[in-house]
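**Q** Got a file for you: my_file08.cif, mmCIF, C-alpha atoms and all ligand atoms.
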```cif
data_work
#
loop_
_atom_site.label_atom_id
_atom_site.label_comp_id
_atom_site.auth_asym_id
_atom_site.auth_seq_id
_atom_site.Cartn_x
_atom_site.Cartn_y
_atom_site.Cartn_z
CA MET Y 5 9.57 -45.34 4.72
CA VAL Y 6 10.48 -42.56 7.05
CA ALA Y 7 7.61 -40.82 8.78
CA LYS Y 8 7.12 -37.30 7.56
CA SER Y 9 7.91 -34.48 9.90
CA PRO Y 10 5.27 -31.82 10.57
CA GLU Y 11 7.44 -29.42 8.55
CA ASP Y 12 7.35 -31.71 5.52
CA ARG Y 13 3.62 -32.03 5.73
CA MET Y 14 3.38 -28.27 6.04
CA ALA Y 15 5.43 -27.81 2.91
CA GLU Y 16 3.13 -30.13 0.97
CA LYS Y 17 0.05 -28.14 1.75
CA ILE Y 18 -1.03 -25.72 -0.93
CA PRO Y 19 -0.24 -22.18 0.15
CA VAL Y 20 -3.13 -19.74 0.08
CA THR Y 21 -2.64 -16.00 -0.06
CA VAL Y 22 -5.57 -13.85 0.97
CA LEU Y 23 -5.42 -10.51 -0.80
CA THR Y 24 -7.42 -7.85 0.92
CA GLY Y 25 -7.62 -4.06 1.13
CA TYR Y 26 -10.35 -1.46 1.02
CA LEU Y 27 -12.31 -0.56 -2.11
CA GLY Y 28 -10.03 0.72 -4.83
CA ALA Y 29 -6.78 0.36 -2.92
CA GLY Y 30 -5.09 -1.65 -5.67
CA LYS Y 31 -5.84 -5.34 -5.09
CA THR Y 32 -6.53 -6.09 -8.75
CA THR Y 33 -3.46 -4.07 -9.73
CA LEU Y 34 -1.36 -6.27 -7.45
CA LEU Y 35 -3.02 -9.45 -8.63
CA ASN Y 36 -2.41 -8.55 -12.26
CA ARG Y 37 1.20 -7.75 -11.49
CA ILE Y 38 1.66 -11.14 -9.85
CA LEU Y 39 -0.06 -12.99 -12.68
CA SER Y 40 1.80 -11.17 -15.46
CA GLU Y 41 5.23 -11.75 -14.00
CA ASP Y 42 7.38 -14.46 -15.46
CA HIS Y 43 7.23 -16.59 -12.35
CA GLY Y 44 6.92 -20.08 -13.77
CA ARG Y 45 4.30 -20.92 -11.18
CA LYS Y 46 0.66 -21.71 -11.73
CA PHE Y 47 -1.98 -20.08 -9.62
CA ALA Y 48 -5.63 -20.66 -9.06
CA VAL Y 49 -7.37 -17.36 -8.38
CA ILE Y 50 -10.62 -16.84 -6.51
CA VAL Y 51 -12.18 -13.42 -6.88
CA ASN Y 52 -15.04 -12.20 -4.74
CA GLU Y 53 -16.67 -8.90 -5.52
CA PHE Y 54 -19.38 -6.82 -4.04
CA GLY Y 55 -21.02 -5.33 -7.09
CA ALA Y 56 -22.55 -8.59 -8.35
CA ILE Y 57 -21.90 -7.87 -11.97
CA GLY Y 58 -18.70 -9.71 -12.79
CA ILE Y 59 -16.52 -6.78 -13.75
CA ASP Y 60 -13.58 -7.61 -11.50
CA ASN Y 61 -13.22 -11.01 -13.01
CA ASP Y 62 -13.00 -9.35 -16.40
CA LEU Y 63 -10.29 -7.00 -15.25
CA VAL Y 64 -7.97 -9.77 -14.13
CA VAL Y 65 -5.35 -10.56 -16.73
CA GLY Y 66 -3.66 -13.90 -17.12
CA ALA Y 67 -4.19 -16.37 -19.89
CA ASP Y 68 -3.37 -19.47 -17.93
CA GLU Y 69 -4.91 -18.82 -14.60
CA GLU Y 70 -8.22 -20.24 -13.66
CA VAL Y 71 -10.37 -17.55 -12.17
CA PHE Y 72 -13.28 -18.51 -9.97
CA GLU Y 73 -15.78 -15.83 -9.37
CA MET Y 74 -17.97 -15.48 -6.33
CA ASN Y 75 -20.46 -12.70 -6.79
CA ASN Y 76 -23.32 -13.42 -4.51
CA GLY Y 77 -22.38 -11.33 -1.58
CA CYS Y 78 -19.52 -10.74 0.68
CA ILE Y 79 -16.96 -13.49 1.01
CA CYS Y 80 -16.78 -13.10 4.77
CA CYS Y 81 -20.34 -14.21 5.41
CA THR Y 82 -22.91 -15.25 2.82
CA VAL Y 83 -20.50 -16.96 0.50
CA ARG Y 84 -18.03 -18.56 2.83
CA GLY Y 85 -19.62 -21.91 2.08
CA ASP Y 86 -18.86 -21.25 -1.59
CA LEU Y 87 -15.27 -20.47 -0.71
CA ILE Y 88 -14.90 -23.76 1.10
CA ARG Y 89 -16.49 -25.64 -1.83
CA ILE Y 90 -14.27 -23.96 -4.41
CA ILE Y 91 -11.16 -24.65 -2.39
CA GLU Y 92 -12.15 -28.25 -1.77
CA GLY Y 93 -12.74 -28.65 -5.50
CA LEU Y 94 -9.31 -27.21 -6.21
CA LEU Y 95 -7.63 -29.41 -3.65
CA LYS Y 96 -8.92 -32.51 -5.40
CA ARG Y 97 -6.84 -31.45 -8.38
CA LYS Y 98 -3.68 -31.04 -6.39
CA GLY Y 99 -0.56 -30.82 -8.48
CA LYS Y 100 -2.26 -28.77 -11.18
CA PHE Y 101 -1.24 -25.52 -9.54
CA ASP Y 102 1.25 -24.26 -7.00
CA ALA Y 103 -0.75 -21.78 -4.99
CA ILE Y 104 -4.17 -20.30 -4.48
CA ILE Y 105 -4.80 -16.56 -4.35
CA VAL Y 106 -8.08 -15.29 -2.92
CA GLU Y 107 -8.93 -11.68 -3.72
CA THR Y 108 -11.66 -10.51 -1.35
CA THR Y 109 -13.99 -7.60 -1.91
CA GLY Y 110 -12.84 -4.32 -0.48
CA LEU Y 111 -15.64 -4.61 2.04
CA ALA Y 112 -14.67 -7.96 3.46
CA ASP Y 113 -13.43 -8.44 6.96
CA PRO Y 114 -10.48 -10.81 6.43
CA ALA Y 115 -10.89 -12.54 9.79
CA PRO Y 116 -13.62 -15.01 8.80
CA VAL Y 117 -11.87 -15.63 5.49
CA ALA Y 118 -8.64 -16.49 7.26
CA GLN Y 119 -10.62 -18.56 9.72
CA THR Y 120 -11.77 -20.83 6.89
CA PHE Y 121 -8.28 -22.29 6.79
CA PHE Y 122 -8.39 -23.30 10.43
CA VAL Y 123 -11.92 -24.49 11.05
CA ASP Y 124 -12.75 -26.62 8.03
CA ALA Y 125 -11.02 -29.96 8.44
CA ASP Y 126 -10.65 -30.86 4.75
CA VAL Y 127 -9.34 -27.44 3.88
CA GLN Y 128 -6.99 -27.48 6.82
CA ASN Y 129 -5.51 -30.82 5.85
CA ALA Y 130 -4.62 -29.78 2.36
CA ALA Y 131 -4.10 -26.03 2.39
CA ARG Y 132 -2.32 -23.54 4.58
CA LEU Y 133 -2.82 -19.83 4.88
CA ASP Y 134 0.48 -18.40 3.74
CA ALA Y 135 -0.23 -14.75 4.44
CA VAL Y 136 -2.89 -12.10 4.55
CA VAL Y 137 -1.68 -9.36 2.21
CA THR Y 138 -3.42 -6.01 2.59
CA VAL Y 139 -3.22 -3.26 0.02
CA ALA Y 140 -3.79 0.17 1.54
CA ASP Y 141 -4.53 3.38 -0.32
CA ALA Y 142 -2.08 6.03 0.91
CA LYS Y 143 -4.49 8.79 -0.05
CA TRP Y 144 -7.68 7.46 1.53
CA LEU Y 145 -6.73 5.02 4.27
CA ALA Y 146 -6.71 7.62 7.06
CA GLU Y 147 -10.31 8.59 6.18
CA ARG Y 148 -11.46 4.98 5.96
CA LEU Y 149 -9.94 4.12 9.31
CA LYS Y 150 -12.36 6.66 10.74
CA ASP Y 151 -15.53 5.44 9.08
CA ALA Y 152 -14.97 1.86 7.90
CA PRO Y 153 -14.29 -0.87 10.47
CA GLU Y 154 -13.44 -3.33 7.69
CA ALA Y 155 -10.50 -1.13 6.69
CA LYS Y 156 -9.13 -1.33 10.20
CA SER Y 157 -9.63 -5.07 10.42
CA GLN Y 158 -7.81 -5.50 7.10
CA ILE Y 159 -4.81 -3.63 8.48
CA ALA Y 160 -4.92 -5.47 11.82
CA PHE Y 161 -4.96 -8.89 10.17
CA ALA Y 162 -2.25 -8.21 7.62
CA ASP Y 163 1.03 -10.07 7.53
CA VAL Y 164 2.18 -7.94 4.62
CA ILE Y 165 0.94 -4.42 3.91
CA ILE Y 166 1.35 -2.78 0.54
CA LEU Y 167 0.98 0.95 1.17
CA ASN Y 168 0.07 1.89 -2.37
CA LYS Y 169 -0.55 5.12 -4.33
CA THR Y 170 2.30 6.92 -2.66
CA ASP Y 171 2.37 9.14 -5.77
CA LEU Y 172 -0.85 10.77 -4.61
CA VAL Y 173 0.39 12.02 -1.24
CA SER Y 174 3.14 14.26 0.14
CA ALA Y 175 6.02 12.84 2.17
CA GLU Y 176 4.39 14.21 5.29
CA GLU Y 177 1.01 12.60 4.56
CA LEU Y 178 2.82 9.34 3.90
CA ARG Y 179 4.54 9.43 7.29
CA ASP Y 180 1.19 10.16 8.90
CA VAL Y 181 -0.62 7.24 7.29
CA GLU Y 182 2.29 4.95 8.07
CA ALA Y 183 2.08 5.95 11.73
CA ARG Y 184 -1.63 5.18 11.71
CA ILE Y 185 -0.94 1.74 10.25
CA ARG Y 186 1.78 1.06 12.81
CA ALA Y 187 -0.57 2.02 15.63
CA ILE Y 188 -2.90 -0.77 14.51
CA ASN Y 189 -0.35 -3.29 13.31
CA PRO Y 190 3.28 -2.95 14.33
CA TYR Y 191 4.21 -6.40 13.00
CA ALA Y 192 3.39 -6.55 9.33
CA LYS Y 193 6.06 -6.15 6.70
CA LEU Y 194 5.29 -2.83 5.04
CA HIS Y 195 6.11 -1.83 1.47
CA GLU Y 196 5.46 1.60 0.01
CA THR Y 197 4.51 1.37 -3.64
CA VAL Y 198 3.20 3.03 -6.75
CA LYS Y 199 0.93 0.71 -8.74
CA CYS Y 200 1.78 -2.08 -6.30
CA ALA Y 201 5.28 -2.46 -7.73
CA VAL Y 202 6.72 -4.96 -5.29
CA PRO Y 203 8.74 -8.11 -5.97
CA ILE Y 204 6.43 -11.11 -6.12
CA ASN Y 205 8.46 -12.90 -3.45
CA GLU Y 206 7.53 -10.19 -0.98
CA VAL Y 207 3.90 -11.15 -1.43
CA LEU Y 208 3.79 -14.90 -2.09
CA GLY Y 209 5.48 -17.75 -0.27
CA ARG Y 210 5.92 -15.68 2.89
CA ASN Y 211 4.95 -18.35 5.39
CA ALA Y 212 3.97 -15.38 7.46
CA PHE Y 213 0.53 -16.03 8.86
CA ASP Y 214 0.97 -16.05 12.60
CA LEU Y 215 -1.85 -17.70 14.47
CA ASP Y 216 -0.56 -16.62 17.88
CA ARG Y 217 -0.63 -12.99 16.91
CA ILE Y 218 -4.15 -13.35 15.53
CA LEU Y 219 -5.33 -15.01 18.72
CA GLU Y 220 -4.06 -11.98 20.57
CA ILE Y 221 -6.19 -9.68 18.43
CA GLU Y 222 -9.10 -12.07 18.20
CA PRO Y 223 -9.22 -14.63 21.02
CA GLN Y 224 -12.28 -16.33 19.50
CA PHE Y 225 -10.59 -16.96 16.18
CA LEU Y 226 -10.67 -20.75 16.47
CA GLU Y 227 -14.11 -21.07 17.98
CA VAL Y 228 -16.66 -22.58 15.69
CA GLU Y 229 -20.41 -22.46 15.97
CA ASP Y 230 -22.53 -24.96 14.14
CA ALA Y 231 -25.61 -22.89 13.62
CA HIS Y 232 -25.02 -20.10 11.24
CA ASP Y 233 -27.87 -17.72 10.81
CA HIS Y 234 -27.43 -15.07 8.22
CA ASP Y 235 -31.04 -14.25 7.57
CA HIS Y 236 -30.80 -10.98 9.39
CA HIS Y 237 -28.28 -9.64 7.03
CA ASP Y 238 -28.89 -11.03 3.66
CA HIS Y 239 -27.26 -8.14 1.93
CA ALA Y 240 -27.36 -9.16 -1.66
CA HIS Y 241 -30.55 -8.65 -3.59
CA HIS Y 242 -30.75 -9.62 -7.20
CA ASP Y 243 -33.65 -8.15 -9.06
CA HIS Y 244 -34.20 -8.15 -12.80
CA ASP Y 245 -31.35 -6.70 -14.80
CA ASP Y 246 -30.02 -4.33 -12.20
CA HIS Y 247 -28.61 -5.35 -8.90
CA HIS Y 248 -28.61 -3.23 -5.88
CA HIS Y 249 -27.68 -3.90 -2.41
CA HIS Y 250 -27.97 -1.86 0.72
CA GLY Y 251 -28.56 -1.72 4.40
CA ARG Y 252 -28.86 0.90 7.03
CA GLU Y 253 -26.20 0.96 9.63
CA HIS Y 254 -22.85 -0.25 10.71
CA HIS Y 255 -23.47 -3.72 11.80
CA GLU Y 256 -21.53 -6.08 13.89
CA HIS Y 257 -22.34 -9.74 14.02
CA ALA Y 258 -20.98 -13.03 15.11
CA SER Y 259 -20.09 -15.68 12.59
CA HIS Y 260 -18.52 -18.94 13.66
CA GLY Y 261 -17.90 -17.50 17.08
CA LEU Y 262 -16.06 -14.61 15.55
CA LYS Y 263 -17.18 -11.06 15.72
CA HIS Y 264 -17.01 -9.21 12.52
CA TYR Y 265 -18.06 -5.93 11.16
CA HIS Y 266 -20.15 -4.86 8.29
CA ASP Y 267 -20.86 -1.54 6.82
CA GLU Y 268 -24.51 -1.92 6.02
CA ASP Y 269 -24.71 1.63 4.74
CA MET Y 270 -22.64 0.63 1.80
CA GLN Y 271 -24.62 0.02 -1.32
CA SER Y 272 -23.94 -0.78 -4.91
CA VAL Y 273 -25.82 0.18 -8.02
CA ALA Y 274 -25.07 -1.99 -11.03
CA LEU Y 275 -26.61 -1.31 -14.42
CA THR Y 276 -26.49 -2.96 -17.80
CA ILE Y 277 -27.36 -1.69 -21.25
CA GLU Y 278 -27.80 -4.63 -23.58
CA GLY Y 279 -25.84 -3.01 -26.36
CA ASP Y 280 -23.81 0.02 -27.35
CA VAL Y 281 -23.35 3.31 -25.62
CA ASP Y 282 -22.75 6.68 -27.27
CA ALA Y 283 -19.27 7.80 -26.15
CA ASP Y 284 -20.16 11.46 -26.78
CA LYS Y 285 -22.93 11.17 -24.24
CA PHE Y 286 -21.26 8.81 -21.78
CA MET Y 287 -17.91 10.58 -21.32
CA PRO Y 288 -19.30 14.00 -20.32
CA TRP Y 289 -21.92 12.32 -18.14
CA ILE Y 290 -19.50 10.12 -16.18
CA ASN Y 291 -16.92 12.89 -15.80
CA THR Y 292 -19.44 15.38 -14.48
CA TYR Y 293 -21.22 12.87 -12.29
CA ILE Y 294 -18.02 11.66 -10.66
CA GLN Y 295 -16.81 15.23 -10.11
CA THR Y 296 -20.03 16.24 -8.38
CA GLU Y 297 -20.88 13.00 -6.53
CA GLY Y 298 -17.38 11.58 -6.02
CA ALA Y 299 -17.45 12.22 -2.30
CA SER Y 300 -20.13 9.57 -1.79
CA ILE Y 301 -19.06 7.26 -4.63
CA LEU Y 302 -16.16 5.28 -3.26
CA ARG Y 303 -15.73 3.14 -6.29
CA SER Y 304 -16.94 3.05 -9.88
CA LYS Y 305 -16.19 0.63 -12.68
CA GLY Y 306 -17.47 -0.22 -16.07
CA ILE Y 307 -16.91 -2.08 -19.29
CA LEU Y 308 -18.58 -0.42 -22.25
CA ALA Y 309 -19.31 -1.09 -25.88
CA PHE Y 310 -18.98 2.26 -27.65
CA LYS Y 311 -20.81 2.61 -30.93
CA ASP Y 312 -18.54 1.98 -33.95
CA GLU Y 313 -15.66 0.98 -31.67
CA PRO Y 314 -14.26 -2.55 -31.96
CA ARG Y 315 -12.45 -2.32 -28.60
CA ARG Y 316 -13.90 -2.50 -25.11
CA PHE Y 317 -13.74 0.72 -23.11
CA VAL Y 318 -12.86 0.01 -19.49
CA PHE Y 319 -13.05 2.69 -16.83
CA GLN Y 320 -12.70 2.76 -13.10
CA GLY Y 321 -12.57 5.36 -10.42
CA VAL Y 322 -11.88 5.86 -6.74
CA HIS Y 323 -13.84 8.89 -5.52
CA MET Y 324 -13.14 11.71 -8.01
CA ILE Y 325 -10.16 10.10 -9.72
CA LEU Y 326 -11.18 8.33 -12.94
CA ASP Y 327 -9.12 6.13 -15.24
CA GLY Y 328 -10.33 4.79 -18.52
CA ASP Y 329 -9.07 3.47 -21.81
CA LEU Y 330 -9.84 1.33 -24.79
CA GLN Y 331 -8.56 -2.18 -24.21
CA ARG Y 332 -8.87 -5.42 -26.12
CA ASP Y 333 -11.30 -6.02 -28.98
CA TRP Y 334 -14.68 -7.51 -28.32
CA LYS Y 335 -14.22 -11.14 -29.25
CA PRO Y 336 -16.18 -12.73 -32.05
CA GLY Y 337 -19.33 -14.10 -30.49
CA GLU Y 338 -18.87 -12.02 -27.34
CA LYS Y 339 -22.02 -10.06 -26.69
CA ARG Y 340 -21.52 -6.30 -26.80
CA VAL Y 341 -23.06 -5.11 -23.56
CA SER Y 342 -22.29 -2.07 -21.45
CA ARG Y 343 -22.06 -2.50 -17.70
CA VAL Y 344 -21.31 -0.11 -14.89
CA VAL Y 345 -21.20 -0.44 -11.14
CA PHE Y 346 -21.06 2.25 -8.47
CA ILE Y 347 -20.30 1.52 -4.82
CA GLY Y 348 -20.75 4.03 -2.05
CA ARG Y 349 -22.96 5.44 0.65
CA ASN Y 350 -26.22 7.26 -0.04
CA LEU Y 351 -25.98 6.71 -3.76
CA LYS Y 352 -28.63 8.47 -5.80
CA GLU Y 353 -29.71 5.35 -7.54
CA ASP Y 354 -32.47 6.88 -9.69
CA GLU Y 355 -30.20 9.65 -10.85
CA ILE Y 356 -27.43 7.20 -11.75
CA ARG Y 357 -29.85 4.94 -13.58
CA SER Y 358 -31.49 7.66 -15.64
CA GLY Y 359 -28.10 9.28 -16.35
CA PHE Y 360 -26.55 6.03 -17.57
CA LEU Y 361 -29.54 4.77 -19.51
CA ALA Y 362 -29.68 8.08 -21.38
CA CYS Y 363 -26.23 7.25 -22.81
CA ALA Y 364 -27.51 4.28 -24.82
CA ALA Y 365 -26.58 4.56 -28.49
N1 LIG B 401 -2.34 7.13 -8.76
C1 LIG B 401 -2.31 5.81 -8.55
N2 LIG B 401 -3.33 5.05 -8.95
C2 LIG B 401 -3.28 3.71 -8.73
C3 LIG B 401 -2.17 3.11 -8.09
N3 LIG B 401 -2.40 1.79 -8.00
C4 LIG B 401 -3.61 1.57 -8.56
N4 LIG B 401 -4.15 2.73 -9.00
C5 LIG B 401 -5.46 2.92 -9.63
O1 LIG B 401 -6.45 2.80 -8.61
C6 LIG B 401 -7.64 2.24 -9.16
C7 LIG B 401 -8.07 1.02 -8.35
O2 LIG B 401 -7.14 -0.03 -8.49
P1 LIG B 401 -7.58 -1.57 -8.35
O3 LIG B 401 -6.35 -2.39 -8.43
O4 LIG B 401 -8.67 -1.88 -9.30
O5 LIG B 401 -8.18 -1.56 -6.89
P2 LIG B 401 -8.95 -2.75 -6.12
O6 LIG B 401 -8.47 -2.71 -4.73
O7 LIG B 401 -8.80 -4.04 -6.85
O8 LIG B 401 -10.44 -2.25 -6.21
P3 LIG B 401 -11.78 -3.07 -5.77
O9 LIG B 401 -11.62 -4.46 -6.28
O10 LIG B 401 -12.88 -2.33 -6.42
O11 LIG B 401 -11.86 -2.96 -4.30
C8 LIG B 401 -7.32 1.91 -10.61
O12 LIG B 401 -7.81 2.94 -11.40
C9 LIG B 401 -5.80 1.85 -10.63
O13 LIG B 401 -5.27 2.16 -11.89
C10 LIG B 401 -1.07 3.96 -7.68
O14 LIG B 401 -0.06 3.54 -7.09
N5 LIG B 401 -1.21 5.29 -7.93
#
```
Take the structure in this file and express it as structure tokens.
**A**
Amino acid sequence: MVAKSPEDRMAEKIPVTVLTGYLGAGKTTLLNRILSEDHGRKFAVIVNEFGAIGIDNDLVVGADEEVFEMNNGCICCTVRGDLIRIIEGLLKRKGKFDAIIVETTGLADPAPVAQTFFVDADVQNAARLDAVVTVADAKWLAERLKDAPEAKSQIAFADVIILNKTDLVSAEELRDVEARIRAINPYAKLHETVKCAVPINEVLGRNAFDLDRILEIEPQFLEVEDAHDHDHHDHAHHDHDDHHHHGREHHEHASHGLKHYHDEDMQSVALTIEGDVDADKFMPWINTYIQTEGASILRSKGILAFKDEPRRFVFQGVHMILDGDLQRDWKPGEKRVSRVVFIGRNLKEDEIRSGFLACAA
């Protein structure tokens, strides 16, 4: 038997794509595009979301794919252990799929996520980080670069950048945002898109993650600390039916020797009605609320059971722009519940709660 070259061993490792991008940029849109394409490959998908209510998982299409959900906080800190466990579990079933895709929450700093593939020995032996793919919102990125350090880190760490929603900006605005991206990351392959329309081969199988470049940005990338104290920023609270989640200030902390940033001002309000909602009450409420409070609501999503409607109503918004339609039927045996989640700064939680609960049918 001939000894295997390092290249051969590399090729045998399962490629992992980390899909990142700020809240609402289009990560799920890209993921769904990848999964719906006739690619003949089988993916395992890991989805991490901030809102703790399991809506993202529901919005991912794909009959064949296995979707693993991680809802208990941000992937870059509290649940990194979960990420390692899920990946180790997947690696034991090698051969069942061709690649792993990790969709992080919009609020994750990708550095510690990427680091997972270099500091955990079992993961490192069997998986390789293929690329960090960052979806950027052409309309909002410039604003987020000013007030959200995660957004900047996502751009800095990207091997591939999908500059999405170009339909929402002028040619001049597009040049401006592109220049801002290039000032942070001159290396990444950049694609301008509407609805993340990009050939799948531009996103997967890139073999693009460049450790040397990352060490230039983040010299401590490979340093590992044993002790790992997260008590001071346990930012997921789960009370009764509703979940909320907040902090006070921009917060920087070290994890595994790596500095990373957290926007502790960001909060989410997630609410559930155990049953139907009256569409004639809900639609005017959500439209008005989003128009008046959209500046502070970065992201909104919901899956609703409308009275006398066999299909699920799914809506989502980024600031003031709302999308919603009736999608598939509620399945037999599937419990008709109505769930919404709002993510933003200084959310008026009581107002949102009373407004939503008043829409119950
Ligand atoms: N106008 C416009 N809207 C888009 C485009 N791409 C996606 N959207 C819409 O933007 C919203 C957010 O898209 P998602 O793919 O859910 O974004 P995301 O990054 O997964 O969001 P989070 O997981 O909440 O961070 C949805 O309503 C999409 O339909 C685009 O190119 N143009």
**Q** Please check which protein, DNA or RNA residues sit within 6 Å of ligand LIG 401 (chain B), counting all atoms listed in the file, and write them as JSON, numbers by chain.
**A** {"Y": [26, 27, 28, 29, 30, 31, 32, 33, 109, 110, 168, 169, 171, 172, 198, 199, 200, 320, 321, 327]}
**Q** Just the number, please: distance in Å from CA of Met287 (chain Y) to CA of Arg340 (chain Y), one decimal.
**A**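 Straight-line distance from CA of Met287 (chain Y) to CA of Arg340 (chain Y) works out to 18.1 Å.
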**Q** How far is it from CA of Ala162 (chain Y) to CA of Ala135 (chain Y), in Å with one decimal?
**A** 7.5 Å
**Q** What is the distance, in Å and to one decimal place, between CA of Ile325 (chain Y) and CA of Asn189 (chain Y)?
**A**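 Interatomic distance here is 28.4 Å.
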**Q** Quick one: everything within 10 Å of Glu353 (chain Y), counting only C-alpha atoms, minus sequence neighbours fewer than 4 positions away in the same chain. Send it as an mmCIF file with C-alpha atoms, keeping the file's coordinate frame.
**A**
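result_11.cif, written as the output of this step:
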```cif
data_model
loop_
_atom_site.group_PDB
_atom_site.id
_atom_site.type_symbol
_atom_site.label_atom_id
_atom_site.label_comp_id
_atom_site.auth_asym_id
_atom_site.auth_seq_id
_atom_site.Cartn_x
_atom_site.Cartn_y
_atom_site.Cartn_z
ATOM 1 C CA HIS Y 248 -28.610 -3.230 -5.880
ATOM 2 C CA GLN Y 271 -24.620 0.020 -1.320
ATOM 3 C CA SER Y 272 -23.940 -0.780 -4.910
ATOM 4 C CA VAL Y 273 -25.820 0.180 -8.020
ATOM 5 C CA ALA Y 274 -25.070 -1.990 -11.030
ATOM 6 C CA PHE Y 346 -21.060 2.250 -8.470
ATOM 7 C CA ARG Y 357 -29.850 4.940 -13.580
ATOM 8 C CA SER Y 358 -31.490 7.660 -15.640
ATOM 9 C CA GLY Y 359 -28.100 9.280 -16.350
#
```
**Q** At a cut-off of 6 Å, using only C-alpha atoms, what residues contact Phe101 (chain Y)? Leave out same-chain residues fewer than 2 positions from it and give the result as a VMD selection string.
**A** chain Y and resid 46 to 47 99 103
